[in-house]
Amino acid sequence: MTMNFSRRAVLQGALATLVSGACGIGAVAPSAFAQSARMPFSQWVEAFGARARSRGISGATYARVMGSLKPDTSVYALDKAQPEFKEEVWQYLNRRVSDWRIGIGMERAREYAPLLEKIERTYGVDRYVMLGLWGMESAFGDVVTNPKHMRPVFPALAALAWGEPRRRSYWEQELLNALVIVDRGWAKPEEMIGSWAGAMGHTQWMPEVWLNMGVDFNGDGKISPFGSPDDALAGTAQYIAKRGKYRRGEGWGYEVRVPAEGAGGWKSIAAWQDRGVTRADGKPFPRPTEQARLWQPVARGPAFLLTRNFDAIKSYNPANTYALAIAHLGDRLKGEGPFVQQFPGGERAPTLAEVQELQKRLTAAGFDTDGTDGRVGKDTMKAIQSFQRKVGMQPADGYAGLKVLARLRAGGV
C-alpha cells in the first residue's frame, strides 16, 4: 500500500464507516463498468496469472485462490459512494471519543498492559496513541470478524483490480500482495476478511502493510493482524515509527488559547509562548523545545499546537480530524478530561447512559437501533435520522446528541 494514496483516497471513508457501523452493500452489474465489459472475469483471471507468476506466487496458490473466485462487484458502488452522514468536527470527535469507546479502551489498557508496555519499549510509540488507533480502526477488535462490517478480501480486491479502471494498478498491486501473503503461509484465503477496500484486522492493514510492516511479535511463526492483537499493534507501531518518523518521548500536541491574530508555520513551543499562546488547561508546556504548528479546525473553536508526532499519527490516514480523534481518545484513556474549549454550535458528548436511553426510546418508538448498548453505529444513526425527519428536526444528520434525546424525552414522535 502506498499510504499517502490508499488511506486518503480509499480508506478514509471506509474506516469511519467501519468503526461506527456496517457498510452498505449494493448490487452493481459488471457490465456497467468499462474494464469489465472489455474482458470477462474468467479471461482476466487467466491473464493476470502471468503477473502473479512474475511476482513469485506459485501456480498452486494462484489456482487455489483465484480458480473459482467470483468478483464482489458491490465494491464498485462503495468505491464511488459519498459519505452517508455529514458530520461537524465536534460531532466526529464526540462519536469516536465516546463513553462507550473510553470504557472499552480502559478495559483493553488493563488487559493488555504488558503487551502495550513491550511495544512502547520496542518502538517508542506511546501506548495510548496505540490504544487510540486501535479504538479508531476496529473499536478495539470488536468488528474484526463481524460479517455485518466485513467481507472476504479476495473477491473485493479481484473485482477492483479487474473492473475499476481509475485505480487499476493500485488494486492489482494489493491483490498481488494479498496473494503473496497466502503463498507465504501467513493466512488462508478464507481467513482474509476486511473492509470493501481490503483493510484487515485490529488495525486495518492493507496487504502492503501486512507484507512490509508486519511483525511476528508473539513468535508463532507467522504475521497476522487477526486473532490476538500482538502482531497488529506491533506492526502498526513499527509503521508509525518508521514511516511516520515518530519521536520517542514527545507528545502529539496541546489544546491552546491563542491571541486573536494567530500565526503560522513551525516554531518551538517556547516561541509560541513568546507570541502569547498558552495551554487551555493552564498547565505549563512540558517540553518547550518541541517544534509545533498551530491548527484551529473551526473558526472561534478550540485551537491546537500540533507536534511532529501528530504528523506521525497522521501518516496512517492523512486527515487532521482522524489523527486528533486518535490523540484525544488516547488522552482520555490516560485519564485526561475532554477539551476545555467548546466548538461553535457544539454540545458535550452524551454519556453512555444517555446514549442507551436514546436508543431505548427510539426502539420503543419503532425505530430500529440494532441494540441499546450505548454504542452508536450506523443503525442507530439511521434510526435517529428517520426520527429527525419524522418530527421535522433540522438538520437530519443522524447525530446521537442531547438535542435528539431531549426531543425524545418530550414525546416528540
# chains A, B, ... in the order shown; residues from 1 in each chain; ligands from 1
>>> select_by_dssp(residues="region 89-229 of chain A", states="helix (DSSP H, G or I)", output="PDB file with N, CA and C atoms, in the first residue's frame")
ATOM      1  N   VAL A  89     -17.086  18.849  12.944  1.00  0.00           N
ATOM      2  CA  VAL A  89     -15.890  18.358  13.631  1.00  0.00           C
ATOM      3  C   VAL A  89     -16.232  17.882  15.037  1.00  0.00           C
ATOM      4  N   TRP A  90     -17.030  18.651  15.759  1.00  0.00           N
ATOM      5  CA  TRP A  90     -17.355  18.266  17.140  1.00  0.00           C
ATOM      6  C   TRP A  90     -18.179  16.987  17.184  1.00  0.00           C
ATOM      7  N   GLN A  91     -19.022  16.765  16.173  1.00  0.00           N
ATOM      8  CA  GLN A  91     -19.780  15.513  16.121  1.00  0.00           C
ATOM      9  C   GLN A  91     -18.857  14.332  15.837  1.00  0.00           C
ATOM     10  N   TYR A  92     -17.940  14.531  14.893  1.00  0.00           N
ATOM     11  CA  TYR A  92     -16.972  13.493  14.562  1.00  0.00           C
ATOM     12  C   TYR A  92     -16.199  13.072  15.808  1.00  0.00           C
ATOM     13  N   LEU A  93     -15.735  14.038  16.569  1.00  0.00           N
ATOM     14  CA  LEU A  93     -14.941  13.740  17.767  1.00  0.00           C
ATOM     15  C   LEU A  93     -15.801  13.119  18.862  1.00  0.00           C
ATOM     16  N   ASN A  94     -16.987  13.673  19.103  1.00  0.00           N
ATOM     17  CA  ASN A  94     -17.850  13.136  20.155  1.00  0.00           C
ATOM     18  C   ASN A  94     -18.219  11.687  19.891  1.00  0.00           C
ATOM     19  N   ARG A  95     -18.480  11.347  18.634  1.00  0.00           N
ATOM     20  CA  ARG A  95     -18.921   9.996  18.318  1.00  0.00           C
ATOM     21  C   ARG A  95     -17.791   8.984  18.441  1.00  0.00           C
ATOM     22  N   ARG A  96     -16.581   9.402  18.165  1.00  0.00           N
ATOM     23  CA  ARG A  96     -15.445   8.478  18.214  1.00  0.00           C
ATOM     24  C   ARG A  96     -14.761   8.448  19.574  1.00  0.00           C
ATOM     25  N   ASP A  99     -18.176   7.686  25.440  1.00  0.00           N
ATOM     26  CA  ASP A  99     -18.112   6.957  26.711  1.00  0.00           C
ATOM     27  C   ASP A  99     -17.931   5.466  26.468  1.00  0.00           C
ATOM     28  N   TRP A 100     -18.655   4.928  25.473  1.00  0.00           N
ATOM     29  CA  TRP A 100     -18.545   3.501  25.176  1.00  0.00           C
ATOM     30  C   TRP A 100     -17.108   3.143  24.815  1.00  0.00           C
ATOM     31  N   ARG A 101     -16.504   3.921  23.911  1.00  0.00           N
ATOM     32  CA  ARG A 101     -15.148   3.617  23.462  1.00  0.00           C
ATOM     33  C   ARG A 101     -14.131   3.845  24.575  1.00  0.00           C
ATOM     34  N   ILE A 102     -14.328   4.867  25.391  1.00  0.00           N
ATOM     35  CA  ILE A 102     -13.414   5.109  26.513  1.00  0.00           C
ATOM     36  C   ILE A 102     -13.485   3.951  27.508  1.00  0.00           C
ATOM     37  N   GLY A 103     -14.697   3.482  27.800  1.00  0.00           N
ATOM     38  CA  GLY A 103     -14.838   2.376  28.744  1.00  0.00           C
ATOM     39  C   GLY A 103     -14.180   1.101  28.247  1.00  0.00           C
ATOM     40  N   ILE A 104     -14.433   0.743  26.991  1.00  0.00           N
ATOM     41  CA  ILE A 104     -13.809  -0.461  26.417  1.00  0.00           C
ATOM     42  C   ILE A 104     -12.296  -0.283  26.356  1.00  0.00           C
ATOM     43  N   GLY A 105     -11.849   0.923  25.977  1.00  0.00           N
ATOM     44  CA  GLY A 105     -10.416   1.185  25.866  1.00  0.00           C
ATOM     45  C   GLY A 105      -9.698   1.050  27.191  1.00  0.00           C
ATOM     46  N   MET A 106     -10.322   1.476  28.263  1.00  0.00           N
ATOM     47  CA  MET A 106      -9.699   1.336  29.582  1.00  0.00           C
ATOM     48  C   MET A 106      -9.585  -0.127  29.977  1.00  0.00           C
ATOM     49  N   GLU A 107     -10.592  -0.915  29.603  1.00  0.00           N
ATOM     50  CA  GLU A 107     -10.507  -2.360  29.857  1.00  0.00           C
ATOM     51  C   GLU A 107      -9.347  -2.977  29.076  1.00  0.00           C
ATOM     52  N   ARG A 108      -9.213  -2.584  27.810  1.00  0.00           N
ATOM     53  CA  ARG A 108      -8.123  -3.121  26.990  1.00  0.00           C
ATOM     54  C   ARG A 108      -6.759  -2.661  27.508  1.00  0.00           C
ATOM     55  N   ALA A 109      -6.692  -1.438  27.999  1.00  0.00           N
ATOM     56  CA  ALA A 109      -5.426  -0.930  28.541  1.00  0.00           C
ATOM     57  C   ALA A 109      -4.963  -1.777  29.717  1.00  0.00           C
ATOM     58  N   ARG A 110      -5.907  -2.196  30.570  1.00  0.00           N
ATOM     59  CA  ARG A 110      -5.556  -3.046  31.706  1.00  0.00           C
ATOM     60  C   ARG A 110      -5.241  -4.469  31.244  1.00  0.00           C
ATOM     61  N   GLU A 111      -6.071  -4.978  30.339  1.00  0.00           N
ATOM     62  CA  GLU A 111      -5.929  -6.361  29.887  1.00  0.00           C
ATOM     63  C   GLU A 111      -4.602  -6.586  29.163  1.00  0.00           C
ATOM     64  N   ALA A 113      -1.823  -4.546  29.239  1.00  0.00           N
ATOM     65  CA  ALA A 113      -0.767  -3.668  29.752  1.00  0.00           C
ATOM     66  C   ALA A 113       0.638  -4.207  29.476  1.00  0.00           C
ATOM     67  N   PRO A 114       0.929  -5.489  29.721  1.00  0.00           N
ATOM     68  CA  PRO A 114       2.287  -5.980  29.422  1.00  0.00           C
ATOM     69  C   PRO A 114       2.634  -5.888  27.941  1.00  0.00           C
ATOM     70  N   LEU A 115       1.694  -6.233  27.057  1.00  0.00           N
ATOM     71  CA  LEU A 115       1.937  -6.142  25.619  1.00  0.00           C
ATOM     72  C   LEU A 115       2.182  -4.694  25.208  1.00  0.00           C
ATOM     73  N   LEU A 116       1.358  -3.783  25.680  1.00  0.00           N
ATOM     74  CA  LEU A 116       1.490  -2.378  25.310  1.00  0.00           C
ATOM     75  C   LEU A 116       2.801  -1.788  25.823  1.00  0.00           C
ATOM     76  N   GLU A 117       3.209  -2.207  27.000  1.00  0.00           N
ATOM     77  CA  GLU A 117       4.485  -1.727  27.552  1.00  0.00           C
ATOM     78  C   GLU A 117       5.645  -2.228  26.711  1.00  0.00           C
ATOM     79  N   LYS A 118       5.570  -3.482  26.265  1.00  0.00           N
ATOM     80  CA  LYS A 118       6.636  -4.049  25.448  1.00  0.00           C
ATOM     81  C   LYS A 118       6.712  -3.366  24.086  1.00  0.00           C
ATOM     82  N   ILE A 119       5.566  -3.096  23.483  1.00  0.00           N
ATOM     83  CA  ILE A 119       5.548  -2.397  22.192  1.00  0.00           C
ATOM     84  C   ILE A 119       6.091  -0.980  22.341  1.00  0.00           C
ATOM     85  N   GLU A 120       5.678  -0.312  23.394  1.00  0.00           N
ATOM     86  CA  GLU A 120       6.168   1.053  23.629  1.00  0.00           C
ATOM     87  C   GLU A 120       7.688   1.061  23.812  1.00  0.00           C
ATOM     88  N   ARG A 121       8.204   0.086  24.552  1.00  0.00           N
ATOM     89  CA  ARG A 121       9.638  -0.002  24.774  1.00  0.00           C
ATOM     90  C   ARG A 121      10.380  -0.333  23.478  1.00  0.00           C
ATOM     91  N   THR A 122       9.798  -1.185  22.644  1.00  0.00           N
ATOM     92  CA  THR A 122      10.460  -1.627  21.414  1.00  0.00           C
ATOM     93  C   THR A 122      10.473  -0.557  20.336  1.00  0.00           C
ATOM     94  N   TYR A 123       9.332   0.122  20.140  1.00  0.00           N
ATOM     95  CA  TYR A 123       9.197   1.045  19.005  1.00  0.00           C
ATOM     96  C   TYR A 123       9.143   2.516  19.408  1.00  0.00           C
ATOM     97  N   ARG A 127       1.953   4.153  24.280  1.00  0.00           N
ATOM     98  CA  ARG A 127       0.935   3.093  24.298  1.00  0.00           C
ATOM     99  C   ARG A 127      -0.474   3.660  24.139  1.00  0.00           C
ATOM    100  N   TYR A 128      -0.685   4.907  24.602  1.00  0.00           N
ATOM    101  CA  TYR A 128      -2.025   5.478  24.498  1.00  0.00           C
ATOM    102  C   TYR A 128      -2.330   5.941  23.074  1.00  0.00           C
ATOM    103  N   VAL A 129      -1.313   6.266  22.324  1.00  0.00           N
ATOM    104  CA  VAL A 129      -1.514   6.508  20.893  1.00  0.00           C
ATOM    105  C   VAL A 129      -1.956   5.209  20.226  1.00  0.00           C
ATOM    106  N   MET A 130      -1.299   4.104  20.585  1.00  0.00           N
ATOM    107  CA  MET A 130      -1.661   2.819  20.004  1.00  0.00           C
ATOM    108  C   MET A 130      -3.076   2.401  20.404  1.00  0.00           C
ATOM    109  N   LEU A 131      -3.445   2.657  21.646  1.00  0.00           N
ATOM    110  CA  LEU A 131      -4.804   2.346  22.081  1.00  0.00           C
ATOM    111  C   LEU A 131      -5.822   3.193  21.321  1.00  0.00           C
ATOM    112  N   GLY A 132      -5.510   4.483  21.150  1.00  0.00           N
ATOM    113  CA  GLY A 132      -6.411   5.351  20.402  1.00  0.00           C
ATOM    114  C   GLY A 132      -6.577   4.886  18.973  1.00  0.00           C
ATOM    115  N   LEU A 133      -5.496   4.472  18.344  1.00  0.00           N
ATOM    116  CA  LEU A 133      -5.566   4.000  16.964  1.00  0.00           C
ATOM    117  C   LEU A 133      -6.345   2.684  16.877  1.00  0.00           C
ATOM    118  N   TRP A 134      -6.100   1.793  17.810  1.00  0.00           N
ATOM    119  CA  TRP A 134      -6.825   0.522  17.845  1.00  0.00           C
ATOM    120  C   TRP A 134      -8.326   0.777  17.994  1.00  0.00           C
ATOM    121  N   GLY A 135      -8.672   1.716  18.871  1.00  0.00           N
ATOM    122  CA  GLY A 135     -10.078   2.049  19.056  1.00  0.00           C
ATOM    123  C   GLY A 135     -10.700   2.643  17.816  1.00  0.00           C
ATOM    124  N   MET A 136      -9.963   3.486  17.116  1.00  0.00           N
ATOM    125  CA  MET A 136     -10.479   4.110  15.904  1.00  0.00           C
ATOM    126  C   MET A 136     -10.630   3.108  14.768  1.00  0.00           C
ATOM    127  N   GLU A 137      -9.647   2.242  14.603  1.00  0.00           N
ATOM    128  CA  GLU A 137      -9.619   1.367  13.444  1.00  0.00           C
ATOM    129  C   GLU A 137     -10.595   0.198  13.524  1.00  0.00           C
ATOM    130  N   SER A 138     -10.783  -0.368  14.704  1.00  0.00           N
ATOM    131  CA  SER A 138     -11.652  -1.550  14.782  1.00  0.00           C
ATOM    132  C   SER A 138     -12.462  -1.616  16.068  1.00  0.00           C
ATOM    133  N   VAL A 153     -11.851 -10.644   1.435  1.00  0.00           N
ATOM    134  CA  VAL A 153     -10.999  -9.651   0.781  1.00  0.00           C
ATOM    135  C   VAL A 153     -10.703 -10.000  -0.674  1.00  0.00           C
ATOM    136  N   PHE A 154     -10.470 -11.257  -0.963  1.00  0.00           N
ATOM    137  CA  PHE A 154     -10.069 -11.608  -2.339  1.00  0.00           C
ATOM    138  C   PHE A 154     -11.144 -11.290  -3.383  1.00  0.00           C
ATOM    139  N   PRO A 155     -12.414 -11.623  -3.149  1.00  0.00           N
ATOM    140  CA  PRO A 155     -13.423 -11.228  -4.140  1.00  0.00           C
ATOM    141  C   PRO A 155     -13.507  -9.714  -4.328  1.00  0.00           C
ATOM    142  N   ALA A 156     -13.289  -8.962  -3.241  1.00  0.00           N
ATOM    143  CA  ALA A 156     -13.342  -7.500  -3.333  1.00  0.00           C
ATOM    144  C   ALA A 156     -12.150  -6.946  -4.110  1.00  0.00           C
ATOM    145  N   LEU A 157     -10.944  -7.376  -3.744  1.00  0.00           N
ATOM    146  CA  LEU A 157      -9.749  -6.876  -4.436  1.00  0.00           C
ATOM    147  C   LEU A 157      -9.717  -7.321  -5.892  1.00  0.00           C
ATOM    148  N   ALA A 158     -10.154  -8.549  -6.160  1.00  0.00           N
ATOM    149  CA  ALA A 158     -10.165  -9.026  -7.545  1.00  0.00           C
ATOM    150  C   ALA A 158     -11.142  -8.209  -8.387  1.00  0.00           C
ATOM    151  N   ALA A 159     -12.301  -7.895  -7.826  1.00  0.00           N
ATOM    152  CA  ALA A 159     -13.268  -7.076  -8.554  1.00  0.00           C
ATOM    153  C   ALA A 159     -12.698  -5.695  -8.859  1.00  0.00           C
ATOM    154  N   LEU A 160     -12.012  -5.107  -7.890  1.00  0.00           N
ATOM    155  CA  LEU A 160     -11.435  -3.770  -8.086  1.00  0.00           C
ATOM    156  C   LEU A 160     -10.287  -3.810  -9.091  1.00  0.00           C
ATOM    157  N   ALA A 161      -9.452  -4.838  -9.004  1.00  0.00           N
ATOM    158  CA  ALA A 161      -8.326  -4.950  -9.942  1.00  0.00           C
ATOM    159  C   ALA A 161      -8.814  -5.214 -11.361  1.00  0.00           C
ATOM    160  N   TRP A 162      -9.913  -5.931 -11.482  1.00  0.00           N
ATOM    161  CA  TRP A 162     -10.454  -6.282 -12.798  1.00  0.00           C
ATOM    162  C   TRP A 162     -11.281  -5.154 -13.405  1.00  0.00           C
ATOM    163  N   GLY A 163     -12.134  -4.530 -12.588  1.00  0.00           N
ATOM    164  CA  GLY A 163     -13.158  -3.676 -13.163  1.00  0.00           C
ATOM    165  C   GLY A 163     -13.178  -2.232 -12.732  1.00  0.00           C
ATOM    166  N   PRO A 165     -11.229   0.897 -13.483  1.00  0.00           N
ATOM    167  CA  PRO A 165     -10.134   1.394 -14.334  1.00  0.00           C
ATOM    168  C   PRO A 165      -9.408   2.610 -13.783  1.00  0.00           C
ATOM    169  N   ARG A 166     -10.047   3.385 -12.921  1.00  0.00           N
ATOM    170  CA  ARG A 166      -9.401   4.625 -12.459  1.00  0.00           C
ATOM    171  C   ARG A 166      -8.154   4.346 -11.614  1.00  0.00           C
ATOM    172  N   ARG A 167      -8.170   3.274 -10.836  1.00  0.00           N
ATOM    173  CA  ARG A 167      -7.041   2.987  -9.939  1.00  0.00           C
ATOM    174  C   ARG A 167      -6.593   1.539 -10.105  1.00  0.00           C
ATOM    175  N   ARG A 168      -6.649   1.050 -11.317  1.00  0.00           N
ATOM    176  CA  ARG A 168      -6.421  -0.363 -11.567  1.00  0.00           C
ATOM    177  C   ARG A 168      -5.050  -0.825 -11.076  1.00  0.00           C
ATOM    178  N   SER A 169      -4.004  -0.054 -11.354  1.00  0.00           N
ATOM    179  CA  SER A 169      -2.657  -0.506 -10.984  1.00  0.00           C
ATOM    180  C   SER A 169      -2.521  -0.653  -9.475  1.00  0.00           C
ATOM    181  N   TYR A 170      -3.150   0.237  -8.727  1.00  0.00           N
ATOM    182  CA  TYR A 170      -3.101   0.137  -7.262  1.00  0.00           C
ATOM    183  C   TYR A 170      -3.772  -1.146  -6.784  1.00  0.00           C
ATOM    184  N   TRP A 171      -4.989  -1.398  -7.290  1.00  0.00           N
ATOM    185  CA  TRP A 171      -5.709  -2.591  -6.849  1.00  0.00           C
ATOM    186  C   TRP A 171      -5.002  -3.866  -7.292  1.00  0.00           C
ATOM    187  N   GLU A 172      -4.398  -3.848  -8.472  1.00  0.00           N
ATOM    188  CA  GLU A 172      -3.639  -5.013  -8.916  1.00  0.00           C
ATOM    189  C   GLU A 172      -2.487  -5.310  -7.957  1.00  0.00           C
ATOM    190  N   GLN A 173      -1.786  -4.272  -7.544  1.00  0.00           N
ATOM    191  CA  GLN A 173      -0.671  -4.474  -6.617  1.00  0.00           C
ATOM    192  C   GLN A 173      -1.152  -5.023  -5.281  1.00  0.00           C
ATOM    193  N   GLU A 174      -2.279  -4.520  -4.785  1.00  0.00           N
ATOM    194  CA  GLU A 174      -2.763  -5.014  -3.498  1.00  0.00           C
ATOM    195  C   GLU A 174      -3.274  -6.450  -3.610  1.00  0.00           C
ATOM    196  N   LEU A 175      -3.854  -6.800  -4.752  1.00  0.00           N
ATOM    197  CA  LEU A 175      -4.245  -8.194  -4.960  1.00  0.00           C
ATOM    198  C   LEU A 175      -3.019  -9.100  -4.986  1.00  0.00           C
ATOM    199  N   LEU A 176      -1.980  -8.675  -5.662  1.00  0.00           N
ATOM    200  CA  LEU A 176      -0.739  -9.454  -5.680  1.00  0.00           C
ATOM    201  C   LEU A 176      -0.140  -9.569  -4.283  1.00  0.00           C
ATOM    202  N   ASN A 177      -0.159  -8.477  -3.525  1.00  0.00           N
ATOM    203  CA  ASN A 177       0.349  -8.517  -2.147  1.00  0.00           C
ATOM    204  C   ASN A 177      -0.428  -9.535  -1.321  1.00  0.00           C
ATOM    205  N   ALA A 178      -1.749  -9.539  -1.483  1.00  0.00           N
ATOM    206  CA  ALA A 178      -2.579 -10.487  -0.734  1.00  0.00           C
ATOM    207  C   ALA A 178      -2.252 -11.927  -1.131  1.00  0.00           C
ATOM    208  N   LEU A 179      -1.994 -12.157  -2.408  1.00  0.00           N
ATOM    209  CA  LEU A 179      -1.630 -13.492  -2.871  1.00  0.00           C
ATOM    210  C   LEU A 179      -0.277 -13.930  -2.296  1.00  0.00           C
ATOM    211  N   VAL A 180       0.661 -13.002  -2.193  1.00  0.00           N
ATOM    212  CA  VAL A 180       1.961 -13.319  -1.593  1.00  0.00           C
ATOM    213  C   VAL A 180       1.779 -13.761  -0.142  1.00  0.00           C
ATOM    214  N   ILE A 181       0.887 -13.092   0.584  1.00  0.00           N
ATOM    215  CA  ILE A 181       0.644 -13.443   1.986  1.00  0.00           C
ATOM    216  C   ILE A 181       0.164 -14.889   2.098  1.00  0.00           C
ATOM    217  N   VAL A 182      -0.752 -15.289   1.224  1.00  0.00           N
ATOM    218  CA  VAL A 182      -1.219 -16.677   1.230  1.00  0.00           C
ATOM    219  C   VAL A 182      -0.091 -17.619   0.816  1.00  0.00           C
ATOM    220  N   ASP A 183       0.681 -17.226  -0.182  1.00  0.00           N
ATOM    221  CA  ASP A 183       1.780 -18.059  -0.664  1.00  0.00           C
ATOM    222  C   ASP A 183       2.823 -18.296   0.428  1.00  0.00           C
ATOM    223  N   PRO A 189      -6.876 -18.153   2.444  1.00  0.00           N
ATOM    224  CA  PRO A 189      -7.709 -17.164   1.740  1.00  0.00           C
ATOM    225  C   PRO A 189      -8.996 -16.834   2.484  1.00  0.00           C
ATOM    226  N   GLU A 190      -9.631 -17.848   3.050  1.00  0.00           N
ATOM    227  CA  GLU A 190     -10.902 -17.623   3.725  1.00  0.00           C
ATOM    228  C   GLU A 190     -10.749 -16.858   5.037  1.00  0.00           C
ATOM    229  N   GLU A 191      -9.535 -16.820   5.568  1.00  0.00           N
ATOM    230  CA  GLU A 191      -9.297 -16.065   6.797  1.00  0.00           C
ATOM    231  C   GLU A 191      -9.136 -14.573   6.538  1.00  0.00           C
ATOM    232  N   PRO A 207      -2.975  -5.110   2.451  1.00  0.00           N
ATOM    233  CA  PRO A 207      -1.987  -6.177   2.235  1.00  0.00           C
ATOM    234  C   PRO A 207      -0.550  -5.668   2.196  1.00  0.00           C
ATOM    235  N   GLU A 208      -0.292  -4.499   1.609  1.00  0.00           N
ATOM    236  CA  GLU A 208       1.075  -3.980   1.534  1.00  0.00           C
ATOM    237  C   GLU A 208       1.666  -3.748   2.914  1.00  0.00           C
ATOM    238  N   VAL A 209       0.859  -3.227   3.838  1.00  0.00           N
ATOM    239  CA  VAL A 209       1.336  -3.010   5.204  1.00  0.00           C
ATOM    240  C   VAL A 209       1.589  -4.348   5.890  1.00  0.00           C
ATOM    241  N   TRP A 210       0.678  -5.285   5.731  1.00  0.00           N
ATOM    242  CA  TRP A 210       0.849  -6.623   6.298  1.00  0.00           C
ATOM    243  C   TRP A 210       2.163  -7.217   5.805  1.00  0.00           C
ATOM    244  N   LEU A 211       2.418  -7.087   4.525  1.00  0.00           N
ATOM    245  CA  LEU A 211       3.581  -7.714   3.901  1.00  0.00           C
ATOM    246  C   LEU A 211       4.887  -7.043   4.305  1.00  0.00           C
ATOM    247  N   ASN A 212       4.910  -5.727   4.371  1.00  0.00           N
ATOM    248  CA  ASN A 212       6.168  -4.989   4.529  1.00  0.00           C
ATOM    249  C   ASN A 212       6.400  -4.378   5.900  1.00  0.00           C
ATOM    250  N   MET A 213       5.340  -4.178   6.690  1.00  0.00           N
ATOM    251  CA  MET A 213       5.494  -3.595   8.018  1.00  0.00           C
ATOM    252  C   MET A 213       5.102  -4.555   9.126  1.00  0.00           C
TER     253      MET A 213
END
>>> closest_atom_pairs(of="region 268-336 of chain A", to="region 256-260 of chain A", cutoff="6 Å", atoms="only C-alpha atoms", output="tab-separated table")
residue	atom	partner	partner_atom	distance
A:Val277	CA	A:Val258	CA	4.8
A:Thr278	CA	A:Arg257	CA	5.4
A:Arg279	CA	A:Val256	CA	4.2
A:Ala280	CA	A:Val256	CA	4.5
A:Ala303	CA	A:Val256	CA	5.5
A:Phe304	CA	A:Val256	CA	5.3
>>> atom_distance(atom1="CA of Ala319 (chain A)", atom2="CA of Pro297 (chain A)")
11.5 Å
>>> closest_residue(among="A:Phe41, A:Phe343, A:Phe285, A:Trp266", to="Thr307 (chain A)", atoms="only C-alpha atoms")
A:Trp266
>>> closest_residue(among="A:Asp331, A:Asp79, A:Glu87, A:Asp311", to="Arg293 (chain A)", atoms="only C-alpha atoms")
A:Asp311
>>> atom_distance(atom1="CA of Ala349 (chain A)", atom2="CA of Lys86 (chain A)")
17.2 Å
>>> select_by_dssp(residues="region 83-317 of chain A", states="strand (DSSP E)", output="list in words")
Arg151, Pro152, Ile193, Gly194, Gly253, Tyr254, Glu255, Val256, Arg257, Lys267, Ser268, Thr278, Arg279, Gln291, Ala292, Arg293, Leu294, Trp295, Ala303, Phe304, Leu305, Leu306 and Thr307 of chain A
